[in-house]
Amino acid sequence: MNRFIISGFADEISDDLDEQIKGLKALNMEYMELRSINHVFAGNFTFAYARQVRKKLDSEGIKISSLASNVGKWSITDPFDEQLDMFRRDLDIARELGAPNMRIFSFYTDMVEDPLEYAGEVLDRLNEFKEENWDSGVVLLHENDKKCFGDTAEKCAFIARMLCSPDFKLIFDPGSFVKCDQETYPEAYEMLKPYISYLHINDSRLSDKLIVPSGQGDGHIRDILKDLKNSGFQGFLSLEPQLADYAGKPKAGFEEFKMAHRALMDIAESL
């Protein structure tokens, strides 16, 4: 386990920061992926509040693995200026929080007839993010996501070949690939392995796209983690359980997060 560092979307434990910290500590987790507190996305924090959050986390011995920004979750046909302003603000908040990474997306293209026609525009916009990020100390992590340009391994590889560098890398999210009917292993994994810096851990079934605990779906999480371990990977596995539907609840909480954590640990400890 010394090669894997476990983190997670703590707002799936609770909306309240104190409860998030309590849940992480109960699972002996030292890292969190910060997305929101009290229904406010981290990118919308005031700088004063970001400093307050950082001070609180420092006092509790919790570190941030990544700022889970929503940058890039806009239509590729929308004007870019406002999006660039949001990127700059989120990046400033990430630095204020001491986050070493910040996730980004590659723009919604599900509404256009041929997403590949926008490949150049996607690259231009992502490259502008990259240039704005120069010398910030924060690594930008592109996440594969359904409905975005980078939804399949082929398109993620296209982005990676053009842009990947020490400050621009990939998140590998098996559950999201399954939702796009993409074979995660070996196909997507082998294609993207050289560029993977960070993983979001959720699993999903091809048959009905239901998100399930790790190992119960078609994400091949065990195969992926086994190969990463054998390859000497050192990085974050960030739990993004989304198990409310699986648990038959309107909203997930600590028990569902704990279930996801146990499923991941069972796999990791068996490798």
# chains A, B, ... in the order shown; residues from 1 in each chain; ligands from 1

$ select_by_dssp --residues "stretch 129-260 of chain A" --states "helix (DSSP H, G or I)" --output "VMD selection string"
chain A and resid 129 to 132 153 to 163 174 to 179 184 to 195 221 to 230 244 to 247 254 to 260

$ write_last_selection --atoms "N, CA and C atoms" --output "short mmCIF file (atom, residue, chain, number, x, y, z; two decimals), in the first residue's frame"
data_model
loop_
_atom_site.label_atom_id
_atom_site.label_comp_id
_atom_site.auth_asym_id
_atom_site.auth_seq_id
_atom_site.Cartn_x
_atom_site.Cartn_y
_atom_site.Cartn_z
N PHE A 129 -5.46 27.03 -20.73
CA PHE A 129 -5.44 26.72 -19.29
C PHE A 129 -4.00 26.38 -18.87
N LYS A 130 -3.37 25.56 -19.67
CA LYS A 130 -2.01 25.13 -19.35
C LYS A 130 -1.05 26.31 -19.29
N GLU A 131 -1.17 27.23 -20.22
CA GLU A 131 -0.30 28.40 -20.23
C GLU A 131 -0.57 29.31 -19.04
N GLU A 132 -1.84 29.46 -18.69
CA GLU A 132 -2.19 30.26 -17.52
C GLU A 132 -1.64 29.63 -16.24
N ALA A 153 -11.08 6.62 -24.41
CA ALA A 153 -9.63 6.53 -24.29
C ALA A 153 -8.93 7.13 -25.49
N GLU A 154 -9.50 6.94 -26.68
CA GLU A 154 -8.88 7.48 -27.89
C GLU A 154 -8.76 9.00 -27.82
N LYS A 155 -9.84 9.65 -27.37
CA LYS A 155 -9.80 11.11 -27.31
C LYS A 155 -8.96 11.61 -26.14
N CYS A 156 -8.95 10.86 -25.04
CA CYS A 156 -8.05 11.22 -23.94
C CYS A 156 -6.59 11.09 -24.37
N ALA A 157 -6.29 10.05 -25.14
CA ALA A 157 -4.93 9.86 -25.63
C ALA A 157 -4.53 10.99 -26.58
N PHE A 158 -5.47 11.45 -27.39
CA PHE A 158 -5.22 12.58 -28.29
C PHE A 158 -4.84 13.82 -27.49
N ILE A 159 -5.62 14.10 -26.43
CA ILE A 159 -5.30 15.23 -25.55
C ILE A 159 -3.94 15.05 -24.91
N ALA A 160 -3.69 13.85 -24.41
CA ALA A 160 -2.44 13.58 -23.69
C ALA A 160 -1.23 13.75 -24.59
N ARG A 161 -1.31 13.22 -25.81
CA ARG A 161 -0.16 13.31 -26.71
C ARG A 161 0.17 14.77 -27.03
N MET A 162 -0.84 15.61 -27.08
CA MET A 162 -0.63 17.01 -27.43
C MET A 162 -0.20 17.87 -26.24
N LEU A 163 -0.68 17.53 -25.04
CA LEU A 163 -0.56 18.46 -23.92
C LEU A 163 0.15 17.94 -22.68
N PRO A 174 -12.32 4.74 -14.04
CA PRO A 174 -12.90 3.54 -14.67
C PRO A 174 -14.41 3.60 -14.83
N GLY A 175 -15.12 4.08 -13.78
CA GLY A 175 -16.57 4.12 -13.84
C GLY A 175 -17.09 4.97 -14.98
N SER A 176 -16.43 6.09 -15.23
CA SER A 176 -16.86 6.97 -16.33
C SER A 176 -16.64 6.31 -17.68
N PHE A 177 -15.53 5.56 -17.82
CA PHE A 177 -15.32 4.86 -19.08
C PHE A 177 -16.39 3.80 -19.30
N VAL A 178 -16.76 3.08 -18.24
CA VAL A 178 -17.80 2.06 -18.38
C VAL A 178 -19.11 2.69 -18.85
N LYS A 179 -19.43 3.86 -18.30
CA LYS A 179 -20.66 4.55 -18.70
C LYS A 179 -20.65 4.90 -20.18
N THR A 184 -12.31 -0.75 -20.03
CA THR A 184 -11.31 -0.07 -19.22
C THR A 184 -9.96 -0.78 -19.21
N TYR A 185 -10.01 -2.12 -19.23
CA TYR A 185 -8.78 -2.91 -19.16
C TYR A 185 -8.91 -4.14 -20.03
N PRO A 186 -7.95 -4.38 -20.89
CA PRO A 186 -6.71 -3.63 -21.02
C PRO A 186 -6.78 -2.41 -21.94
N GLU A 187 -7.85 -2.27 -22.70
CA GLU A 187 -7.88 -1.29 -23.79
C GLU A 187 -7.55 0.13 -23.34
N ALA A 188 -8.46 0.74 -22.55
CA ALA A 188 -8.27 2.14 -22.16
C ALA A 188 -7.02 2.31 -21.31
N TYR A 189 -6.82 1.40 -20.39
CA TYR A 189 -5.69 1.52 -19.47
C TYR A 189 -4.36 1.48 -20.21
N GLU A 190 -4.19 0.51 -21.10
CA GLU A 190 -2.92 0.40 -21.82
C GLU A 190 -2.68 1.60 -22.72
N MET A 191 -3.74 2.15 -23.27
CA MET A 191 -3.60 3.31 -24.14
C MET A 191 -3.15 4.56 -23.36
N LEU A 192 -3.61 4.66 -22.11
CA LEU A 192 -3.39 5.88 -21.34
C LEU A 192 -2.36 5.73 -20.23
N LYS A 193 -1.88 4.54 -20.00
CA LYS A 193 -0.99 4.26 -18.88
C LYS A 193 0.17 5.24 -18.76
N PRO A 194 0.84 5.64 -19.84
CA PRO A 194 1.99 6.55 -19.69
C PRO A 194 1.62 7.92 -19.14
N TYR A 195 0.35 8.27 -19.21
CA TYR A 195 -0.07 9.63 -18.85
C TYR A 195 -0.84 9.69 -17.53
N ILE A 221 -11.04 -2.74 -11.80
CA ILE A 221 -10.21 -1.95 -10.89
C ILE A 221 -9.07 -2.79 -10.33
N ARG A 222 -9.34 -4.05 -10.01
CA ARG A 222 -8.27 -4.89 -9.47
C ARG A 222 -7.16 -5.06 -10.49
N ASP A 223 -7.49 -5.34 -11.74
CA ASP A 223 -6.47 -5.53 -12.78
C ASP A 223 -5.64 -4.26 -12.95
N ILE A 224 -6.32 -3.11 -12.93
CA ILE A 224 -5.62 -1.84 -13.12
C ILE A 224 -4.68 -1.56 -11.96
N LEU A 225 -5.17 -1.75 -10.73
CA LEU A 225 -4.32 -1.47 -9.57
C LEU A 225 -3.16 -2.45 -9.48
N LYS A 226 -3.39 -3.69 -9.86
CA LYS A 226 -2.31 -4.68 -9.84
C LYS A 226 -1.20 -4.27 -10.78
N ASP A 227 -1.57 -3.84 -11.99
CA ASP A 227 -0.54 -3.44 -12.95
C ASP A 227 0.16 -2.15 -12.50
N LEU A 228 -0.60 -1.21 -11.96
CA LEU A 228 0.01 0.02 -11.47
C LEU A 228 1.02 -0.29 -10.36
N LYS A 229 0.63 -1.16 -9.44
CA LYS A 229 1.53 -1.52 -8.35
C LYS A 229 2.80 -2.17 -8.88
N ASN A 230 2.64 -3.09 -9.83
CA ASN A 230 3.80 -3.77 -10.40
C ASN A 230 4.68 -2.83 -11.21
N ALA A 244 -25.39 6.19 -3.76
CA ALA A 244 -26.75 6.41 -3.26
C ALA A 244 -27.75 5.45 -3.92
N ASP A 245 -27.70 5.35 -5.25
CA ASP A 245 -28.63 4.47 -5.96
C ASP A 245 -28.39 3.01 -5.58
N TYR A 246 -27.14 2.64 -5.48
CA TYR A 246 -26.79 1.27 -5.10
C TYR A 246 -27.35 0.93 -3.72
N ALA A 247 -27.27 1.90 -2.80
CA ALA A 247 -27.74 1.68 -1.44
C ALA A 247 -29.24 1.91 -1.29
N PHE A 254 -21.86 8.80 5.09
CA PHE A 254 -20.66 8.13 5.59
C PHE A 254 -20.72 6.63 5.38
N GLU A 255 -21.86 5.99 5.61
CA GLU A 255 -21.93 4.54 5.50
C GLU A 255 -21.62 4.08 4.08
N GLU A 256 -22.10 4.81 3.09
CA GLU A 256 -21.81 4.46 1.70
C GLU A 256 -20.34 4.72 1.36
N PHE A 257 -19.80 5.82 1.90
CA PHE A 257 -18.39 6.12 1.69
C PHE A 257 -17.53 5.03 2.34
N LYS A 258 -17.92 4.62 3.53
CA LYS A 258 -17.20 3.55 4.23
C LYS A 258 -17.25 2.25 3.44
N MET A 259 -18.40 1.94 2.85
CA MET A 259 -18.55 0.75 2.03
C MET A 259 -17.59 0.79 0.85
N ALA A 260 -17.50 1.96 0.21
CA ALA A 260 -16.61 2.12 -0.94
C ALA A 260 -15.15 2.00 -0.52
#

$ closest_atom_pairs --of "stretch 138-257 of chain A" --to "stretch 77-91 of chain A" --cutoff "12 Å" --atoms "only C-alpha atoms" --output "CSV"
residue,atom,partner,partner_atom,distance
A:Val138,CA,A:Leu91,CA,7.9
A:Val139,CA,A:Leu91,CA,10.0
A:Leu140,CA,A:Leu91,CA,9.4

$ residues_around --residues "A:Ile171" --least-positions-apart "2" --cutoff "8 Å" --atoms "only C-alpha atoms" --output "NGL selection string"
:A and (103 or 141-144 or 169 or 173 or 196-200)

$ write_last_selection --atoms "N, CA, C and O atoms" --output "PDB file, in the first residue's frame"
ATOM      1  N   ARG A 103      -8.372  19.294 -10.877  1.00  0.00           N
ATOM      2  CA  ARG A 103      -8.957  18.594 -12.015  1.00  0.00           C
ATOM      3  C   ARG A 103      -9.638  19.582 -12.950  1.00  0.00           C
ATOM      4  O   ARG A 103     -10.146  20.632 -12.551  1.00  0.00           O
ATOM      5  N   LEU A 141      -5.144  18.185 -13.906  1.00  0.00           N
ATOM      6  CA  LEU A 141      -5.488  16.792 -14.157  1.00  0.00           C
ATOM      7  C   LEU A 141      -6.755  16.720 -14.987  1.00  0.00           C
ATOM      8  O   LEU A 141      -7.833  17.100 -14.528  1.00  0.00           O
ATOM      9  N   HIS A 142      -6.635  16.237 -16.209  1.00  0.00           N
ATOM     10  CA  HIS A 142      -7.811  16.089 -17.068  1.00  0.00           C
ATOM     11  C   HIS A 142      -8.559  14.810 -16.708  1.00  0.00           C
ATOM     12  O   HIS A 142      -7.987  13.724 -16.671  1.00  0.00           O
ATOM     13  N   GLU A 143      -9.858  14.958 -16.448  1.00  0.00           N
ATOM     14  CA  GLU A 143     -10.694  13.807 -16.098  1.00  0.00           C
ATOM     15  C   GLU A 143     -11.561  13.391 -17.277  1.00  0.00           C
ATOM     16  O   GLU A 143     -12.241  14.223 -17.891  1.00  0.00           O
ATOM     17  N   ASN A 144     -11.540  12.106 -17.592  1.00  0.00           N
ATOM     18  CA  ASN A 144     -12.468  11.570 -18.588  1.00  0.00           C
ATOM     19  C   ASN A 144     -13.880  11.603 -18.028  1.00  0.00           C
ATOM     20  O   ASN A 144     -14.110  11.208 -16.882  1.00  0.00           O
ATOM     21  N   LYS A 169      -1.539  16.363 -16.622  1.00  0.00           N
ATOM     22  CA  LYS A 169      -1.584  14.908 -16.656  1.00  0.00           C
ATOM     23  C   LYS A 169      -3.029  14.433 -16.687  1.00  0.00           C
ATOM     24  O   LYS A 169      -3.955  15.237 -16.786  1.00  0.00           O
ATOM     25  N   ASP A 173     -10.585   7.432 -14.682  1.00  0.00           N
ATOM     26  CA  ASP A 173     -11.820   7.146 -13.957  1.00  0.00           C
ATOM     27  C   ASP A 173     -12.494   5.941 -14.603  1.00  0.00           C
ATOM     28  O   ASP A 173     -13.174   6.080 -15.628  1.00  0.00           O
ATOM     29  N   ILE A 196      -1.121   8.532 -16.923  1.00  0.00           N
ATOM     30  CA  ILE A 196      -1.971   8.497 -15.728  1.00  0.00           C
ATOM     31  C   ILE A 196      -1.189   8.958 -14.509  1.00  0.00           C
ATOM     32  O   ILE A 196      -0.124   8.426 -14.191  1.00  0.00           O
ATOM     33  N   SER A 197      -1.748   9.941 -13.806  1.00  0.00           N
ATOM     34  CA  SER A 197      -1.115  10.460 -12.600  1.00  0.00           C
ATOM     35  C   SER A 197      -1.981  10.277 -11.363  1.00  0.00           C
ATOM     36  O   SER A 197      -1.469  10.361 -10.238  1.00  0.00           O
ATOM     37  N   TYR A 198      -3.272  10.000 -11.571  1.00  0.00           N
ATOM     38  CA  TYR A 198      -4.246  10.090 -10.474  1.00  0.00           C
ATOM     39  C   TYR A 198      -5.435   9.241 -10.892  1.00  0.00           C
ATOM     40  O   TYR A 198      -5.782   9.181 -12.083  1.00  0.00           O
ATOM     41  N   LEU A 199      -6.082   8.571  -9.949  1.00  0.00           N
ATOM     42  CA  LEU A 199      -7.266   7.770 -10.271  1.00  0.00           C
ATOM     43  C   LEU A 199      -8.451   8.206  -9.437  1.00  0.00           C
ATOM     44  O   LEU A 199      -8.310   8.501  -8.242  1.00  0.00           O
ATOM     45  N   HIS A 200      -9.611   8.249 -10.068  1.00  0.00           N
ATOM     46  CA  HIS A 200     -10.868   8.340  -9.350  1.00  0.00           C
ATOM     47  C   HIS A 200     -11.414   6.926  -9.265  1.00  0.00           C
ATOM     48  O   HIS A 200     -11.532   6.232 -10.273  1.00  0.00           O
TER      49      HIS A 200
END

$ select_by_dssp --residues "stretch 65-163 of chain A" --states "strand (DSSP E or B)" --output "PyMOL selection string"
chain A and resi 65-67+75+101-104+108+139-143+148

$ write_last_selection --atoms "all heavy atoms" --output "tab-separated table (two decimals), in the first residue's frame"
chain	number	residue	atom	x	y	z
A	65	SER	N	-5.64	16.42	-1.64
A	65	SER	CA	-4.96	15.78	-2.77
A	65	SER	C	-5.21	16.54	-4.06
A	65	SER	O	-4.35	16.57	-4.95
A	65	SER	CB	-5.42	14.33	-2.92
A	65	SER	OG	-6.82	14.27	-3.18
A	66	SER	N	-6.39	17.13	-4.18
A	66	SER	CA	-6.74	17.86	-5.40
A	66	SER	C	-7.95	18.75	-5.15
A	66	SER	O	-8.81	18.42	-4.32
A	66	SER	CB	-7.07	16.88	-6.54
A	66	SER	OG	-7.41	17.56	-7.73
A	67	LEU	N	-8.00	19.86	-5.85
A	67	LEU	CA	-9.21	20.67	-5.90
A	67	LEU	C	-10.07	20.13	-7.04
A	67	LEU	O	-9.63	20.09	-8.20
A	67	LEU	CB	-8.89	22.14	-6.16
A	67	LEU	CG	-10.10	23.07	-6.29
A	67	LEU	CD1	-10.78	23.25	-4.94
A	67	LEU	CD2	-9.70	24.42	-6.85
A	75	SER	N	-20.25	23.94	-22.50
A	75	SER	CA	-20.33	23.58	-23.91
A	75	SER	C	-19.15	24.16	-24.67
A	75	SER	O	-18.73	25.29	-24.43
A	75	SER	CB	-21.64	24.11	-24.51
A	75	SER	OG	-21.61	23.98	-25.93
A	101	ASN	N	-2.87	19.52	-6.89
A	101	ASN	CA	-3.51	19.19	-8.16
A	101	ASN	C	-4.85	19.91	-8.29
A	101	ASN	O	-5.47	20.27	-7.29
A	101	ASN	CB	-3.78	17.68	-8.25
A	101	ASN	CG	-2.53	16.84	-8.10
A	101	ASN	OD1	-1.63	16.89	-8.94
A	101	ASN	ND2	-2.46	16.05	-7.03
A	102	MET	N	-5.31	20.08	-9.54
A	102	MET	CA	-6.65	20.61	-9.80
A	102	MET	C	-7.21	19.90	-11.03
A	102	MET	O	-6.58	19.90	-12.09
A	102	MET	CB	-6.62	22.12	-10.02
A	102	MET	CG	-8.01	22.72	-10.15
A	102	MET	SD	-7.98	24.54	-10.25
A	102	MET	CE	-7.88	24.79	-12.03
A	103	ARG	N	-8.37	19.29	-10.88
A	103	ARG	CA	-8.96	18.59	-12.01
A	103	ARG	C	-9.64	19.58	-12.95
A	103	ARG	O	-10.15	20.63	-12.55
A	103	ARG	CB	-9.96	17.54	-11.56
A	103	ARG	CG	-11.28	18.12	-11.12
A	103	ARG	CD	-12.40	17.10	-11.21
A	103	ARG	NE	-13.64	17.68	-10.72
A	103	ARG	CZ	-14.73	16.98	-10.48
A	103	ARG	NH1	-14.74	15.68	-10.67
A	103	ARG	NH2	-15.82	17.58	-10.03
A	104	ILE	N	-9.65	19.21	-14.22
A	104	ILE	CA	-10.35	19.98	-15.25
A	104	ILE	C	-11.01	18.99	-16.21
A	104	ILE	O	-10.70	17.80	-16.22
A	104	ILE	CB	-9.42	20.92	-16.03
A	104	ILE	CG1	-8.31	20.13	-16.74
A	104	ILE	CG2	-8.82	21.98	-15.10
A	104	ILE	CD1	-7.45	20.97	-17.66
A	108	TYR	N	-18.17	20.07	-22.89
A	108	TYR	CA	-19.27	19.26	-23.40
A	108	TYR	C	-19.34	19.34	-24.91
A	108	TYR	O	-19.37	20.43	-25.49
A	108	TYR	CB	-20.59	19.73	-22.80
A	108	TYR	CG	-20.75	19.44	-21.33
A	108	TYR	CD1	-21.07	20.45	-20.42
A	108	TYR	CD2	-20.58	18.15	-20.83
A	108	TYR	CE1	-21.24	20.19	-19.07
A	108	TYR	CE2	-20.73	17.87	-19.48
A	108	TYR	CZ	-21.06	18.90	-18.60
A	108	TYR	OH	-21.20	18.62	-17.27
A	139	VAL	N	-0.61	20.95	-10.51
A	139	VAL	CA	-0.71	20.08	-11.68
A	139	VAL	C	-2.16	20.03	-12.13
A	139	VAL	O	-3.07	19.75	-11.32
A	139	VAL	CB	-0.20	18.66	-11.37
A	139	VAL	CG1	-0.36	17.75	-12.58
A	139	VAL	CG2	1.26	18.70	-10.92
A	140	LEU	N	-2.42	20.30	-13.39
A	140	LEU	CA	-3.76	20.18	-13.95
A	140	LEU	C	-3.99	18.72	-14.33
A	140	LEU	O	-3.16	18.09	-14.99
A	140	LEU	CB	-3.92	21.05	-15.19
A	140	LEU	CG	-3.71	22.55	-15.00
A	140	LEU	CD1	-3.95	23.29	-16.32
A	140	LEU	CD2	-4.62	23.10	-13.90
A	141	LEU	N	-5.14	18.18	-13.91
A	141	LEU	CA	-5.49	16.79	-14.16
A	141	LEU	C	-6.76	16.72	-14.99
A	141	LEU	O	-7.83	17.10	-14.53
A	141	LEU	CB	-5.71	16.06	-12.83
A	141	LEU	CG	-4.52	16.00	-11.86
A	141	LEU	CD1	-4.95	15.34	-10.56
A	141	LEU	CD2	-3.35	15.24	-12.47
A	142	HIS	N	-6.63	16.24	-16.21
A	142	HIS	CA	-7.81	16.09	-17.07
A	142	HIS	C	-8.56	14.81	-16.71
A	142	HIS	O	-7.99	13.72	-16.67
A	142	HIS	CB	-7.42	16.03	-18.54
A	142	HIS	CG	-8.55	15.65	-19.44
A	142	HIS	ND1	-8.81	14.34	-19.81
A	142	HIS	CD2	-9.54	16.40	-19.99
A	142	HIS	CE1	-9.88	14.31	-20.58
A	142	HIS	NE2	-10.35	15.53	-20.70
A	143	GLU	N	-9.86	14.96	-16.45
A	143	GLU	CA	-10.69	13.81	-16.10
A	143	GLU	C	-11.56	13.39	-17.28
A	143	GLU	O	-12.24	14.22	-17.89
A	143	GLU	CB	-11.61	14.14	-14.91
A	143	GLU	CG	-12.51	12.98	-14.52
A	143	GLU	CD	-13.37	13.26	-13.30
A	143	GLU	OE1	-13.18	14.30	-12.65
A	143	GLU	OE2	-14.25	12.42	-13.01
A	148	CYS	N	-18.35	14.85	-22.31
A	148	CYS	CA	-17.26	15.76	-22.64
A	148	CYS	C	-16.47	15.22	-23.83
A	148	CYS	O	-16.57	14.03	-24.17
A	148	CYS	CB	-16.33	15.94	-21.45
A	148	CYS	SG	-17.04	16.93	-20.11

$ residues_around --residues "stretch 48-50 of chain A" --least-positions-apart "3" --cutoff "12 Å" --atoms "only C-alpha atoms" --output "ChimeraX atom specification"
/A:34,36-37,40-45,53-57,67,89-90,92-99

$ atom_distance --atom1 "atom CA of A:Phe107" --atom2 "atom CA of A:Gly150"
8.0 Å

$ residues_around --residues "A:Ala119" --least-positions-apart "2" --cutoff "10 Å" --atoms "only C-alpha atoms" --output "ChimeraX atom specification"
/A:76,106,109,114-117,121-124,149-150,155,158-159

$ atom_distance --atom1 "atom CA of A:Asp15" --atom2 "atom CA of A:Gly253"
9.2 Å

$ closest_residue --among "A:Phe105, A:Trp134, A:Phe47, A:Tyr31" --to "A:Ile6" --atoms "only C-alpha atoms"
A:Tyr31

$ atom_distance --atom1 "atom CA of A:Thr152" --atom2 "atom CA of A:Met32"
26.6 Å
